[in-house]
Amino acid sequence: MTATTWKHKDLLGIQELTAVEITEVLDTATAFKEVGDRAVKKVPSLRGKTMVNLFIEPSTRTRTSFELAAKRLSADVINIATTASSLVKGETLKDTALNLQALNTDIIVIRHSAAGAAHFLSRLLHASVINAGDGAHEHPTQALLDAFTIREKKGRIAGLNVTILGDILYSRVARSNIWLLTKLGAHVTLAGPSTLVPRVFEEFGCRVTHDIDEAICDADVINLLRIQHERQRQTMFPSIGEYTAMFGLNKERFARTKPDAMIMHPGPINRGVEIDSEIADCGRSVILEQVTNGLAVRMAVLFLCAGRRSAMEGAE
Amino acid sequence: MNALVIKNGRVIDPANNVDEVRDLFVVDAKIASAPAPGADALDATGKFVTPGLIDMHVHLREPGRSDKETIETGTRCAARGGFSSVVCMPNTTPAADNTGTIAFITQRAAAAGCVHVFPTGAITKELKGEELAPIGSLKKAGVVAITDDGRCVQNNELMRRAVEYAKMFNLPVLDHCQDYNLVADGVMNEGHWSVALGLRGWPAIGEDVIVARNILIAEQMGWHIHCQHVSSARSVELIREAKKRGIKISGEACPHHFTLTDAALKNYDTNCKMNPPVRTDRDRDAILAGLGDGTIEIIASDHAPHCSYEKEVEFDVAPFGIIGLETELALALELVRNRVLSIRSLVEKFTVNPARLLRLKKGTLSVGADADITVIDPEREWTYDVARSASKSRNTPFAGWKLRGCATATIVNGKTAWRED
């Protein structure tokens, strides 16, 4: 595994990365994916390193994925789960982070409901800071695993039509995907209700439409997003039922997509809301492969940010 | 007897239509027509000599939050920035919704303040927007205006009554224009950058709706509403059009709103978080145009100190506001250099205009007037070292900025409140 260009201590977002760096993560992940198929699913890359999963917003899938990724790299892992409200009342995020650093933590994986929380920590800490989702801002490892999956299935990313459907305004997954896919040359279409998919997204190189049929008819990849109840004001659309009727991916709409159009979803899925239950389970759905790939991508990110860094420090 | 001669400065006194190089005389705390024997001399060659500047929008935090600022430190900050008078906002703890708090502020200012402090009173009790504060009693206690600044009265009927009632006492009503439903939990301007950063938007329409309401109430009641810290292009247009129709409406602009845009937030710097937020190039240009054509008559800082630990948090939970008294004049002089404003017009926005709105006997160098004077070196280049600020707080987006122009002396009642070493 010979990474050559990665120079970052942290992974805060896709926006800061170049196409070359993104490709390097994907290539590194390809090498790590094979580890998961071994009888002994472990490599020594991060032996002796300590990683803290600092999750100040509920998450199961991302936290588990990071934890397993670190363990497969032989790191020691601690999970801290709390809520932003308890932090606000007591210790500040800054103090929490400095305490973790005082324990000689090498990597802090942070999930937080406030946008910019990972950037805030990276300015304070020597440890590697990995953004596992900050408010509606970025979720870089999700975009990387989505790209990994697209590349694995389609053989390329450049030139593909990728439609992201749903609650774009409040979605960090959408933002990270937009940055990544446009950097790698895909054509990105965003679709959903006008209140959740404002025209301003056109300024980021995307096509915006509120017509679901138009949005999906030419798509090579359809990435469905969950409606983010917890981040949404009550006034954004009338009801879940109307959302499903207007924008849900049902069988009738699915029948009009390209025959090789691939269905993705970052999870957790709401069956019968944004996606018909049978479509979620069909052969063109790669939802569970995304989860598998997430592990490889997160191993690659941890390795590049922390493992390579220690290798470089050792050489000095 | 104290006496002073400020020699050979360019005296700019819009109230008296004066702009000429001459000496200015102070005798016994008043502007005089001739020097008194033995007067101290202050050489102002190459400098501007103006009426003492007025900042009609500051938060001195006392009583209640003297860890952020006190009347002593806030007025020292004002003096350094060239301001001989400040108007302080009522969102203290307890709020300035009662005569006792006003008396406290007045007494602290007399004891510890190095510039004049003019308090404002609350429109509503505890700034809750529910019941009127005792506005008449507040007037008797010495307030120069009423405002719920930091908050905005949402109930239109209550606002109408407040204006109707305040008119009886000749008290202008100042309003922080923010519709709570439209703004909700917004933390920065809604637009390109809020979308890119994933932060909740504070849309310009949340200000515009209230500015429009205030225009209608001011028209209906025939009384003055002053829109504080105008931040949006549409608000400037609304005020311009209403003034043409003779409505008693006015607006003020803050240096951050005419200097920065929302692109400044790209690193989640909580020292760029203020309410209303800095907005787009288009909004900034509209504010500049409004300053240029007189739609916006007043420049004020909205000096809002917060402790460093309060700002060193996630962007969403950081308090709104920045300190501004020390950087205000330099940032405003930039408008003159960029030909947005004439120097006379700039001095008006810091002197006669706020004095007229608030009925202060200030803002003039007429013989017999209080000897409040600011001496300004318009070309002095300096770097803002916030670690040496006179404020107790450090929350500014202008730390480390290279600035041009500063006050070199601030005279209050004939005495030197501050002068450079």
# chains A, B, ... in the order shown; residues from 1 in each chain; ligands from 1
$ closest_atom_pairs --of "chain B" --to "chain A" --cutoff "9 Å" --atoms "only C-alpha atoms" --output "CSV"
residue,atom,partner,partner_atom,distance
B:Ala184,CA,A:Arg233,CA,8.9
B:Gly191,CA,A:Val200,CA,7.0
B:His192,CA,A:Val200,CA,6.3
B:Val195,CA,A:Leu169,CA,7.2
B:Ala196,CA,A:His137,CA,7.2
B:Leu197,CA,A:His137,CA,5.4
B:Gly198,CA,A:His137,CA,4.0
B:Leu199,CA,A:Ala115,CA,6.2
B:Arg200,CA,A:Ala136,CA,8.7
B:Asn267,CA,A:His119,CA,7.6
B:Tyr268,CA,A:Gly116,CA,6.0
B:Asp269,CA,A:Phe120,CA,8.9
B:Tyr309,CA,A:Thr92,CA,9.0
B:Glu312,CA,A:Lys94,CA,7.4
B:Val313,CA,A:Leu93,CA,6.7
B:Glu314,CA,A:Ala117,CA,5.7
B:Phe315,CA,A:Gly116,CA,6.8
B:Asp316,CA,A:Ala114,CA,6.0
B:Val317,CA,A:Val88,CA,8.1
$ write_last_selection --atoms "N, CA and C atoms" --output "short mmCIF file (atom, residue, chain, number, x, y, z; two decimals), in the first residue's frame"
data_model
loop_
_atom_site.label_atom_id
_atom_site.label_comp_id
_atom_site.auth_asym_id
_atom_site.auth_seq_id
_atom_site.Cartn_x
_atom_site.Cartn_y
_atom_site.Cartn_z
N ALA B 184 -36.55 32.12 12.34
CA ALA B 184 -36.49 30.90 13.14
C ALA B 184 -35.11 30.75 13.77
N GLY B 191 -28.41 31.88 1.78
CA GLY B 191 -27.93 32.06 0.41
C GLY B 191 -26.86 31.04 0.09
N HIS B 192 -26.05 31.38 -0.88
CA HIS B 192 -25.00 30.48 -1.35
C HIS B 192 -24.18 29.89 -0.20
N VAL B 195 -25.92 27.54 2.35
CA VAL B 195 -26.14 26.24 1.73
C VAL B 195 -24.82 25.47 1.66
N ALA B 196 -23.75 26.14 1.28
CA ALA B 196 -22.45 25.46 1.19
C ALA B 196 -21.98 24.98 2.56
N LEU B 197 -22.22 25.78 3.58
CA LEU B 197 -21.70 25.46 4.91
C LEU B 197 -22.66 24.59 5.71
N GLY B 198 -23.88 24.42 5.21
CA GLY B 198 -24.85 23.61 5.94
C GLY B 198 -25.36 24.29 7.19
N LEU B 199 -25.29 25.62 7.21
CA LEU B 199 -25.79 26.37 8.37
C LEU B 199 -27.19 26.89 8.07
N ARG B 200 -27.98 27.06 9.13
CA ARG B 200 -29.34 27.54 8.96
C ARG B 200 -29.36 28.98 8.49
N ASN B 267 -14.93 29.66 7.19
CA ASN B 267 -14.24 28.80 8.15
C ASN B 267 -14.97 28.70 9.48
N TYR B 268 -16.25 29.02 9.47
CA TYR B 268 -17.08 28.91 10.68
C TYR B 268 -16.53 29.78 11.81
N ASP B 269 -16.00 30.94 11.46
CA ASP B 269 -15.46 31.83 12.47
C ASP B 269 -16.62 32.46 13.25
N TYR B 309 -14.65 32.44 25.85
CA TYR B 309 -15.12 31.06 26.01
C TYR B 309 -16.51 30.87 25.44
N GLU B 312 -15.90 30.38 21.70
CA GLU B 312 -15.10 29.20 21.33
C GLU B 312 -15.94 27.94 21.44
N VAL B 313 -16.99 27.89 20.67
CA VAL B 313 -17.93 26.77 20.69
C VAL B 313 -18.39 26.51 19.26
N GLU B 314 -19.25 25.51 19.10
CA GLU B 314 -19.83 25.23 17.81
C GLU B 314 -20.53 26.48 17.28
N PHE B 315 -20.48 26.69 15.97
CA PHE B 315 -21.05 27.91 15.39
C PHE B 315 -22.51 28.10 15.79
N ASP B 316 -23.27 27.00 15.75
CA ASP B 316 -24.71 27.10 16.05
C ASP B 316 -25.00 27.67 17.43
N VAL B 317 -24.15 27.38 18.39
CA VAL B 317 -24.47 27.77 19.77
C VAL B 317 -23.74 29.03 20.22
#
$ residues_around --residues "segment 85-97 of chain B" --least-positions-apart "2" --cutoff "8 Å" --atoms "only C-alpha atoms" --output "JSON list (two decimals) with N, CA and C atoms, in the first residue's frame"
[["chain", "number", "residue", "atom", "x", "y", "z"],
["B", 52, "GLY", "N", -17.29, 65.77, 18.75],
["B", 52, "GLY", "CA", -17.10, 64.44, 19.32],
["B", 52, "GLY", "C", -18.07, 63.46, 18.69],
["B", 53, "LEU", "N", -17.55, 62.31, 18.25],
["B", 53, "LEU", "CA", -18.39, 61.35, 17.53],
["B", 53, "LEU", "C", -19.37, 60.67, 18.49],
["B", 54, "ILE", "N", -20.51, 60.29, 17.93],
["B", 54, "ILE", "CA", -21.57, 59.63, 18.70],
["B", 54, "ILE", "C", -21.78, 58.24, 18.11],
["B", 55, "ASP", "N", -21.76, 57.22, 18.95],
["B", 55, "ASP", "CA", -22.15, 55.88, 18.50],
["B", 55, "ASP", "C", -23.47, 55.54, 19.18],
["B", 56, "MET", "N", -24.52, 55.52, 18.41],
["B", 56, "MET", "CA", -25.85, 55.37, 19.03],
["B", 56, "MET", "C", -26.29, 53.91, 19.17],
["B", 57, "HIS", "N", -25.34, 52.98, 19.09],
["B", 57, "HIS", "CA", -25.75, 51.58, 19.26],
["B", 57, "HIS", "C", -24.60, 50.77, 19.86],
["B", 58, "VAL", "N", -24.56, 50.73, 21.19],
["B", 58, "VAL", "CA", -23.55, 49.90, 21.86],
["B", 58, "VAL", "C", -24.19, 49.12, 23.00],
["B", 59, "HIS", "N", -23.54, 48.01, 23.32],
["B", 59, "HIS", "CA", -23.94, 47.20, 24.47],
["B", 59, "HIS", "C", -22.83, 47.28, 25.50],
["B", 60, "LEU", "N", -23.12, 47.90, 26.63],
["B", 60, "LEU", "CA", -22.09, 48.05, 27.67],
["B", 60, "LEU", "C", -22.17, 46.93, 28.70],
["B", 61, "ARG", "N", -23.21, 46.11, 28.62],
["B", 61, "ARG", "CA", -23.35, 44.88, 29.41],
["B", 61, "ARG", "C", -23.53, 45.09, 30.91],
["B", 62, "GLU", "N", -23.47, 46.31, 31.40],
["B", 62, "GLU", "CA", -23.64, 46.56, 32.81],
["B", 62, "GLU", "C", -24.99, 47.23, 33.03],
["B", 63, "PRO", "N", -25.83, 46.77, 33.95],
["B", 63, "PRO", "CA", -25.59, 45.70, 34.91],
["B", 63, "PRO", "C", -25.78, 44.29, 34.32],
["B", 64, "GLY", "N", -25.16, 43.32, 34.97],
["B", 64, "GLY", "CA", -25.50, 41.93, 34.69],
["B", 64, "GLY", "C", -24.40, 41.11, 34.08],
["B", 65, "ARG", "N", -23.70, 41.66, 33.10],
["B", 65, "ARG", "CA", -22.66, 40.85, 32.46],
["B", 65, "ARG", "C", -21.33, 41.60, 32.43],
["B", 75, "THR", "N", -16.70, 52.43, 27.82],
["B", 75, "THR", "CA", -16.51, 53.85, 27.46],
["B", 75, "THR", "C", -15.04, 54.13, 27.14],
["B", 78, "ALA", "N", -14.74, 53.22, 23.68],
["B", 78, "ALA", "CA", -15.35, 54.27, 22.86],
["B", 78, "ALA", "C", -14.38, 55.44, 22.67],
["B", 83, "PHE", "N", -15.04, 58.19, 20.03],
["B", 83, "PHE", "CA", -16.43, 58.50, 20.38],
["B", 83, "PHE", "C", -16.51, 59.17, 21.75],
["B", 99, "THR", "N", -36.95, 52.33, 36.05],
["B", 99, "THR", "CA", -36.17, 53.53, 36.33],
["B", 99, "THR", "C", -34.95, 53.22, 37.20],
["B", 101, "THR", "N", -32.88, 50.67, 36.99],
["B", 101, "THR", "CA", -31.76, 50.27, 36.14],
["B", 101, "THR", "C", -31.19, 51.49, 35.40],
["B", 102, "ILE", "N", -32.07, 52.36, 34.94],
["B", 102, "ILE", "CA", -31.59, 53.57, 34.27],
["B", 102, "ILE", "C", -30.76, 54.42, 35.24],
["B", 115, "VAL", "N", -16.66, 58.68, 28.75],
["B", 115, "VAL", "CA", -17.39, 59.44, 27.71],
["B", 115, "VAL", "C", -18.85, 59.53, 28.17],
["B", 116, "HIS", "N", -19.63, 60.35, 27.47],
["B", 116, "HIS", "CA", -21.04, 60.47, 27.82],
["B", 116, "HIS", "C", -21.77, 59.17, 27.49],
["B", 117, "VAL", "N", -22.63, 58.75, 28.40],
["B", 117, "VAL", "CA", -23.44, 57.56, 28.17],
["B", 117, "VAL", "C", -24.91, 57.96, 28.20],
["B", 118, "PHE", "N", -25.60, 57.73, 27.11],
["B", 118, "PHE", "CA", -27.03, 58.01, 27.03],
["B", 118, "PHE", "C", -27.77, 56.68, 26.99],
["B", 119, "PRO", "N", -28.55, 56.39, 28.03],
["B", 119, "PRO", "CA", -29.24, 55.10, 28.03],
["B", 119, "PRO", "C", -30.51, 55.11, 27.18],
["B", 120, "THR", "N", -30.84, 53.95, 26.66],
["B", 120, "THR", "CA", -32.15, 53.73, 26.07],
["B", 120, "THR", "C", -32.95, 52.85, 27.03],
["B", 121, "GLY", "N", -34.25, 52.92, 26.91],
["B", 121, "GLY", "CA", -35.11, 52.07, 27.73],
["B", 121, "GLY", "C", -35.78, 51.03, 26.85],
["B", 122, "ALA", "N", -36.32, 50.03, 27.51],
["B", 122, "ALA", "CA", -37.01, 48.96, 26.79],
["B", 122, "ALA", "C", -38.37, 49.43, 26.28],
["B", 123, "ILE", "N", -38.81, 48.85, 25.18],
["B", 123, "ILE", "CA", -40.18, 49.07, 24.73],
["B", 123, "ILE", "C", -41.13, 48.25, 25.60],
["B", 124, "THR", "N", -40.73, 47.00, 25.86],
["B", 124, "THR", "CA", -41.61, 46.11, 26.61],
["B", 124, "THR", "C", -40.90, 45.56, 27.84],
["B", 125, "LYS", "N", -41.70, 45.18, 28.82],
["B", 125, "LYS", "CA", -41.16, 44.64, 30.06],
["B", 125, "LYS", "C", -40.30, 43.41, 29.78],
["B", 126, "GLU", "N", -39.10, 43.42, 30.34],
["B", 126, "GLU", "CA", -38.13, 42.34, 30.17],
["B", 126, "GLU", "C", -37.85, 42.03, 28.71],
["B", 127, "LEU", "N", -38.14, 42.98, 27.83],
["B", 127, "LEU", "CA", -37.94, 42.81, 26.38],
["B", 127, "LEU", "C", -38.70, 41.60, 25.86],
["B", 133, "ALA", "N", -43.30, 48.61, 28.65],
["B", 133, "ALA", "CA", -42.51, 49.07, 29.79],
["B", 133, "ALA", "C", -43.04, 50.46, 30.19],
["B", 134, "PRO", "N", -42.69, 50.94, 31.37],
["B", 134, "PRO", "CA", -43.17, 52.27, 31.81],
["B", 134, "PRO", "C", -42.42, 53.38, 31.06],
["B", 138, "LEU", "N", -39.51, 56.05, 32.20],
["B", 138, "LEU", "CA", -38.16, 55.86, 31.66],
["B", 138, "LEU", "C", -37.66, 57.18, 31.06],
["B", 147, "THR", "N", -36.23, 50.92, 22.81],
["B", 147, "THR", "CA", -35.92, 49.84, 21.88],
["B", 147, "THR", "C", -35.92, 48.52, 22.64],
["B", 148, "ASP", "N", -36.25, 47.44, 21.99],
["B", 148, "ASP", "CA", -36.08, 46.10, 22.57],
["B", 148, "ASP", "C", -34.86, 45.43, 21.94],
["B", 149, "ASP", "N", -33.89, 46.22, 21.52],
["B", 149, "ASP", "CA", -32.77, 45.73, 20.71],
["B", 149, "ASP", "C", -32.24, 44.36, 21.16],
["B", 150, "GLY", "N", -31.97, 43.55, 20.17],
["B", 150, "GLY", "CA", -31.63, 42.15, 20.40],
["B", 150, "GLY", "C", -32.88, 41.31, 20.23]]
$ closest_residue --among "B:Val144, B:Leu331, B:Ala264, B:Val173" --to "Gly251 of chain B" --atoms "only C-alpha atoms"
B:Val173
$ select_by_dssp --residues "segment 271-419 of chain B" --states "alpha helix (DSSP H)" --output "short mmCIF file (atom, residue, chain, number, x, y, z; two decimals) with C-alpha atoms, in the first residue's frame"
data_model
loop_
_atom_site.label_atom_id
_atom_site.label_comp_id
_atom_site.auth_asym_id
_atom_site.auth_seq_id
_atom_site.Cartn_x
_atom_site.Cartn_y
_atom_site.Cartn_z
CA ASP B 281 -22.13 41.64 -2.21
CA ARG B 282 -25.45 42.92 -3.48
CA ASP B 283 -26.64 43.77 0.02
CA ARG B 284 -23.35 45.37 0.92
CA ASP B 285 -23.44 47.47 -2.24
CA ALA B 286 -26.99 48.56 -1.46
CA ILE B 287 -25.96 49.66 2.03
CA LEU B 288 -23.07 51.61 0.52
CA ALA B 289 -25.47 53.23 -1.94
CA GLY B 290 -27.86 54.02 0.91
CA LEU B 291 -25.06 55.63 2.88
CA GLY B 292 -24.04 57.56 -0.21
CA ASP B 293 -27.45 59.00 -1.05
CA SER B 308 -13.90 34.30 24.47
CA TYR B 309 -15.12 31.06 26.01
CA GLU B 310 -18.63 31.86 24.84
CA LYS B 311 -17.43 32.25 21.25
CA GLU B 328 -15.50 51.66 13.44
CA LEU B 329 -13.90 54.96 12.48
CA ALA B 330 -11.16 53.39 10.34
CA LEU B 331 -13.67 51.21 8.49
CA ALA B 332 -15.92 54.23 7.95
CA LEU B 333 -13.05 56.38 6.67
CA GLU B 334 -12.58 53.72 4.03
CA LEU B 335 -15.93 54.89 2.62
CA VAL B 336 -14.47 58.35 2.08
CA ARG B 337 -11.36 56.97 0.42
CA ILE B 343 -15.93 63.50 4.62
CA ARG B 344 -18.62 65.99 5.58
CA SER B 345 -21.31 63.41 5.06
CA LEU B 346 -19.37 60.88 7.11
CA VAL B 347 -18.98 63.32 9.99
CA GLU B 348 -22.72 64.04 9.81
CA LYS B 349 -23.51 60.35 10.21
CA PHE B 350 -21.42 60.27 13.37
CA VAL B 352 -25.44 65.82 13.81
CA ASN B 353 -27.60 63.01 12.46
CA PRO B 354 -27.72 60.84 15.59
CA ALA B 355 -27.89 64.01 17.72
CA ARG B 356 -30.93 65.21 15.79
CA LEU B 357 -32.69 61.84 15.92
CA LEU B 358 -32.16 61.45 19.67
#
$ residues_around --residues "segment 64-78 of chain A" --least-positions-apart "3" --cutoff "9 Å" --atoms "only C-alpha atoms" --output "PyMOL selection string"
chain A and resi 35-36+41-54+59-61+109+132+291-292+294-300+302-303
$ write_last_selection --atoms "N, CA and C atoms" --output "compact mmCIF listing (two decimals), in the first residue's frame"
# COMPACT_ATOMS: atom_id res chain seq x y z
N VAL A 35 -9.32 -7.27 2.88
CA VAL A 35 -9.09 -7.71 4.26
C VAL A 35 -10.36 -8.29 4.87
N GLY A 36 -11.49 -7.71 4.49
CA GLY A 36 -12.77 -8.15 5.04
C GLY A 36 -13.15 -9.56 4.63
N LYS A 41 -9.52 -11.09 9.91
CA LYS A 41 -9.86 -9.81 9.28
C LYS A 41 -9.11 -8.67 9.97
N LYS A 42 -7.82 -8.73 9.99
CA LYS A 42 -7.07 -7.74 10.74
C LYS A 42 -5.71 -7.50 10.11
N VAL A 43 -5.32 -6.22 10.04
CA VAL A 43 -3.96 -5.86 9.62
C VAL A 43 -3.38 -4.95 10.70
N PRO A 44 -2.07 -4.86 10.79
CA PRO A 44 -1.48 -4.15 11.94
C PRO A 44 -1.25 -2.64 11.72
N SER A 45 -1.84 -2.06 10.71
CA SER A 45 -1.48 -0.69 10.30
C SER A 45 -1.57 0.34 11.43
N LEU A 46 -2.57 0.22 12.29
CA LEU A 46 -2.75 1.24 13.35
C LEU A 46 -2.51 0.64 14.74
N ARG A 47 -1.68 -0.40 14.81
CA ARG A 47 -1.41 -1.02 16.10
C ARG A 47 -0.81 0.01 17.06
N GLY A 48 -1.33 0.04 18.27
CA GLY A 48 -0.83 1.00 19.26
C GLY A 48 -1.48 2.37 19.19
N LYS A 49 -2.35 2.56 18.19
CA LYS A 49 -3.04 3.85 18.08
C LYS A 49 -4.37 3.79 18.83
N THR A 50 -4.79 4.93 19.32
CA THR A 50 -6.07 5.01 20.01
C THR A 50 -7.03 5.91 19.22
N MET A 51 -8.22 5.38 18.98
CA MET A 51 -9.23 6.17 18.27
C MET A 51 -10.44 6.34 19.18
N VAL A 52 -10.95 7.57 19.22
CA VAL A 52 -12.18 7.83 19.97
C VAL A 52 -13.29 8.14 18.99
N ASN A 53 -14.38 7.43 19.13
CA ASN A 53 -15.60 7.75 18.39
C ASN A 53 -16.40 8.72 19.25
N LEU A 54 -16.35 10.00 18.92
CA LEU A 54 -17.05 11.01 19.72
C LEU A 54 -18.35 11.35 18.99
N SER A 59 -26.19 7.76 16.23
CA SER A 59 -25.82 7.06 15.01
C SER A 59 -25.47 5.64 15.38
N THR A 60 -25.90 4.70 14.59
CA THR A 60 -25.50 3.32 14.83
C THR A 60 -24.58 2.87 13.72
N ARG A 61 -25.05 3.07 12.50
CA ARG A 61 -24.34 2.50 11.35
C ARG A 61 -22.96 3.13 11.17
N VAL A 109 -12.92 10.67 15.87
CA VAL A 109 -13.97 10.64 14.86
C VAL A 109 -15.16 11.36 15.47
N ALA A 132 -17.41 12.55 10.86
CA ALA A 132 -18.39 11.48 10.61
C ALA A 132 -19.79 12.08 10.44
N VAL A 291 -22.84 -0.45 2.54
CA VAL A 291 -22.43 -0.64 3.93
C VAL A 291 -21.10 -1.39 4.00
N THR A 292 -20.99 -2.46 3.21
CA THR A 292 -19.74 -3.23 3.17
C THR A 292 -18.59 -2.33 2.72
N GLY A 294 -18.37 0.80 2.94
CA GLY A 294 -18.10 1.84 3.92
C GLY A 294 -16.97 1.46 4.85
N LEU A 295 -16.93 0.20 5.21
CA LEU A 295 -15.88 -0.28 6.09
C LEU A 295 -14.50 -0.13 5.42
N ALA A 296 -14.39 -0.53 4.18
CA ALA A 296 -13.11 -0.43 3.46
C ALA A 296 -12.69 1.02 3.30
N VAL A 297 -13.66 1.86 2.98
CA VAL A 297 -13.35 3.29 2.77
C VAL A 297 -12.88 3.91 4.09
N ARG A 298 -13.54 3.54 5.18
CA ARG A 298 -13.15 4.14 6.47
C ARG A 298 -11.79 3.62 6.92
N MET A 299 -11.49 2.35 6.61
CA MET A 299 -10.12 1.86 6.88
C MET A 299 -9.11 2.69 6.10
N ALA A 300 -9.42 2.97 4.85
CA ALA A 300 -8.50 3.76 4.02
C ALA A 300 -8.30 5.16 4.59
N LEU A 302 -8.76 6.22 7.73
CA LEU A 302 -8.01 6.18 8.99
C LEU A 302 -6.54 5.93 8.71
N PHE A 303 -6.27 5.02 7.79
CA PHE A 303 -4.88 4.70 7.44
C PHE A 303 -4.17 5.92 6.86
$ atom_distance --atom1 "atom CA of Lys33 of chain A" --atom2 "atom CA of Asn161 of chain A"
25.9 Å
$ closest_residue --among "B:Val230, B:Ala390, B:Ala399, B:Ala417" --to "Thr70 of chain B" --atoms "only C-alpha atoms"
B:Ala390
$ residues_around --residues "Ile12 of chain B" --least-positions-apart "4" --cutoff "10 Å" --atoms "only C-alpha atoms" --output "number ranges by chain"
B: 16-21, 48-51, 343-344, 347-348, 364-365
$ write_last_selection --atoms "N, CA and C atoms" --output "short mmCIF file (atom, residue, chain, number, x, y, z; two decimals), in the first residue's frame"
data_model
loop_
_atom_site.label_atom_id
_atom_site.label_comp_id
_atom_site.auth_asym_id
_atom_site.auth_seq_id
_atom_site.Cartn_x
_atom_site.Cartn_y
_atom_site.Cartn_z
N ASN B 16 -22.41 73.65 11.48
CA ASN B 16 -22.20 75.09 11.22
C ASN B 16 -21.63 75.34 9.83
N ASN B 17 -21.71 74.30 9.00
CA ASN B 17 -21.25 74.47 7.63
C ASN B 17 -19.77 74.88 7.56
N VAL B 18 -18.99 74.37 8.48
CA VAL B 18 -17.57 74.75 8.55
C VAL B 18 -16.70 73.61 8.03
N ASP B 19 -15.77 73.92 7.18
CA ASP B 19 -14.73 72.97 6.77
C ASP B 19 -13.52 73.79 6.40
N GLU B 20 -12.68 74.10 7.39
CA GLU B 20 -11.53 74.95 7.13
C GLU B 20 -10.43 74.67 8.15
N VAL B 21 -9.21 74.99 7.75
CA VAL B 21 -8.09 74.84 8.67
C VAL B 21 -8.07 76.04 9.59
N PHE B 48 -8.01 65.97 11.11
CA PHE B 48 -9.38 66.47 11.14
C PHE B 48 -9.75 66.77 12.59
N VAL B 49 -10.49 67.83 12.77
CA VAL B 49 -11.03 68.15 14.08
C VAL B 49 -12.54 68.22 13.93
N THR B 50 -13.24 67.29 14.58
CA THR B 50 -14.69 67.17 14.37
C THR B 50 -15.41 67.25 15.71
N PRO B 51 -16.71 67.50 15.68
CA PRO B 51 -17.47 67.33 16.92
C PRO B 51 -17.24 65.93 17.45
N ILE B 343 -16.30 63.49 3.21
CA ILE B 343 -15.93 63.50 4.62
C ILE B 343 -16.98 64.24 5.43
N ARG B 344 -17.57 65.26 4.85
CA ARG B 344 -18.62 65.99 5.58
C ARG B 344 -19.79 65.06 5.89
N VAL B 347 -18.94 62.68 8.67
CA VAL B 347 -18.98 63.32 9.99
C VAL B 347 -20.43 63.53 10.42
N GLU B 348 -21.30 63.88 9.48
CA GLU B 348 -22.72 64.04 9.81
C GLU B 348 -23.30 62.75 10.38
N THR B 364 -21.96 69.19 17.60
CA THR B 364 -21.69 70.49 16.99
C THR B 364 -20.49 71.15 17.68
N LEU B 365 -19.80 72.00 16.95
CA LEU B 365 -18.70 72.78 17.52
C LEU B 365 -19.11 74.25 17.65
#
$ select_by_dssp --residues "segment 55-284 of chain A" --states "strand (DSSP E or B)" --output "VMD selection string"
chain A and resid 55 to 56 76 to 81 107 to 112 128 to 134 138 161 to 165 187 to 191 207 to 209 221 to 224 249 262 to 264 271 275
$ residues_around --residues "Asn293 of chain A" --least-positions-apart "4" --cutoff "9 Å" --atoms "only C-alpha atoms" --output "short mmCIF file (atom, residue, chain, number, x, y, z; two decimals) with N, CA and C atoms, in the first residue's frame"
data_model
loop_
_atom_site.label_atom_id
_atom_site.label_comp_id
_atom_site.auth_asym_id
_atom_site.auth_seq_id
_atom_site.Cartn_x
_atom_site.Cartn_y
_atom_site.Cartn_z
N ALA A 29 -8.86 2.12 -0.52
CA ALA A 29 -9.99 1.33 -0.04
C ALA A 29 -10.11 0.01 -0.80
N THR A 30 -9.79 0.03 -2.09
CA THR A 30 -9.84 -1.19 -2.89
C THR A 30 -8.90 -2.24 -2.29
N LYS A 33 -10.40 -3.54 1.03
CA LYS A 33 -11.67 -4.28 0.97
C LYS A 33 -11.42 -5.78 1.09
N LEU A 145 -17.69 6.39 0.17
CA LEU A 145 -18.16 5.01 -0.01
C LEU A 145 -19.18 4.93 -1.15
N ASP A 146 -19.94 5.99 -1.33
CA ASP A 146 -20.87 6.03 -2.47
C ASP A 146 -20.07 6.01 -3.78
N PHE A 148 -17.03 4.95 -4.19
CA PHE A 148 -16.37 3.65 -4.30
C PHE A 148 -17.33 2.63 -4.92
N THR A 149 -18.57 2.65 -4.45
CA THR A 149 -19.58 1.71 -4.93
C THR A 149 -19.91 1.96 -6.40
N LEU A 288 -26.89 -2.51 0.57
CA LEU A 288 -26.08 -3.24 1.54
C LEU A 288 -24.61 -3.29 1.12
N GLU A 289 -24.36 -3.29 -0.19
CA GLU A 289 -22.96 -3.23 -0.63
C GLU A 289 -22.31 -1.91 -0.21
N VAL A 297 -13.66 1.86 2.98
CA VAL A 297 -13.35 3.29 2.77
C VAL A 297 -12.88 3.91 4.09
N ARG A 298 -13.54 3.54 5.18
CA ARG A 298 -13.15 4.14 6.47
C ARG A 298 -11.79 3.62 6.92
#
$ residues_around --residues "segment 254-268 of chain A" --least-positions-apart "6" --cutoff "8 Å" --atoms "only C-alpha atoms" --output "PyMOL selection string"
chain A and resi 142+146+173+213+216-226+279-280+284-287+290
$ atom_distance --atom1 "atom CA of Leu11 of chain A" --atom2 "atom CA of Ile130 of chain A"
4.8 Å
$ decode --residues "segment 266-270 of chain A" --atoms "C-alpha atoms" --output "tab-separated table (two decimals), in the first residue's frame"
chain	number	residue	atom	x	y	z
A	266	PRO	CA	-27.16	6.03	2.67
A	267	GLY	CA	-29.60	4.54	5.17
A	268	PRO	CA	-31.46	4.23	7.33
A	269	ILE	CA	-34.17	3.69	4.75
A	270	ASN	CA	-37.81	4.50	5.40
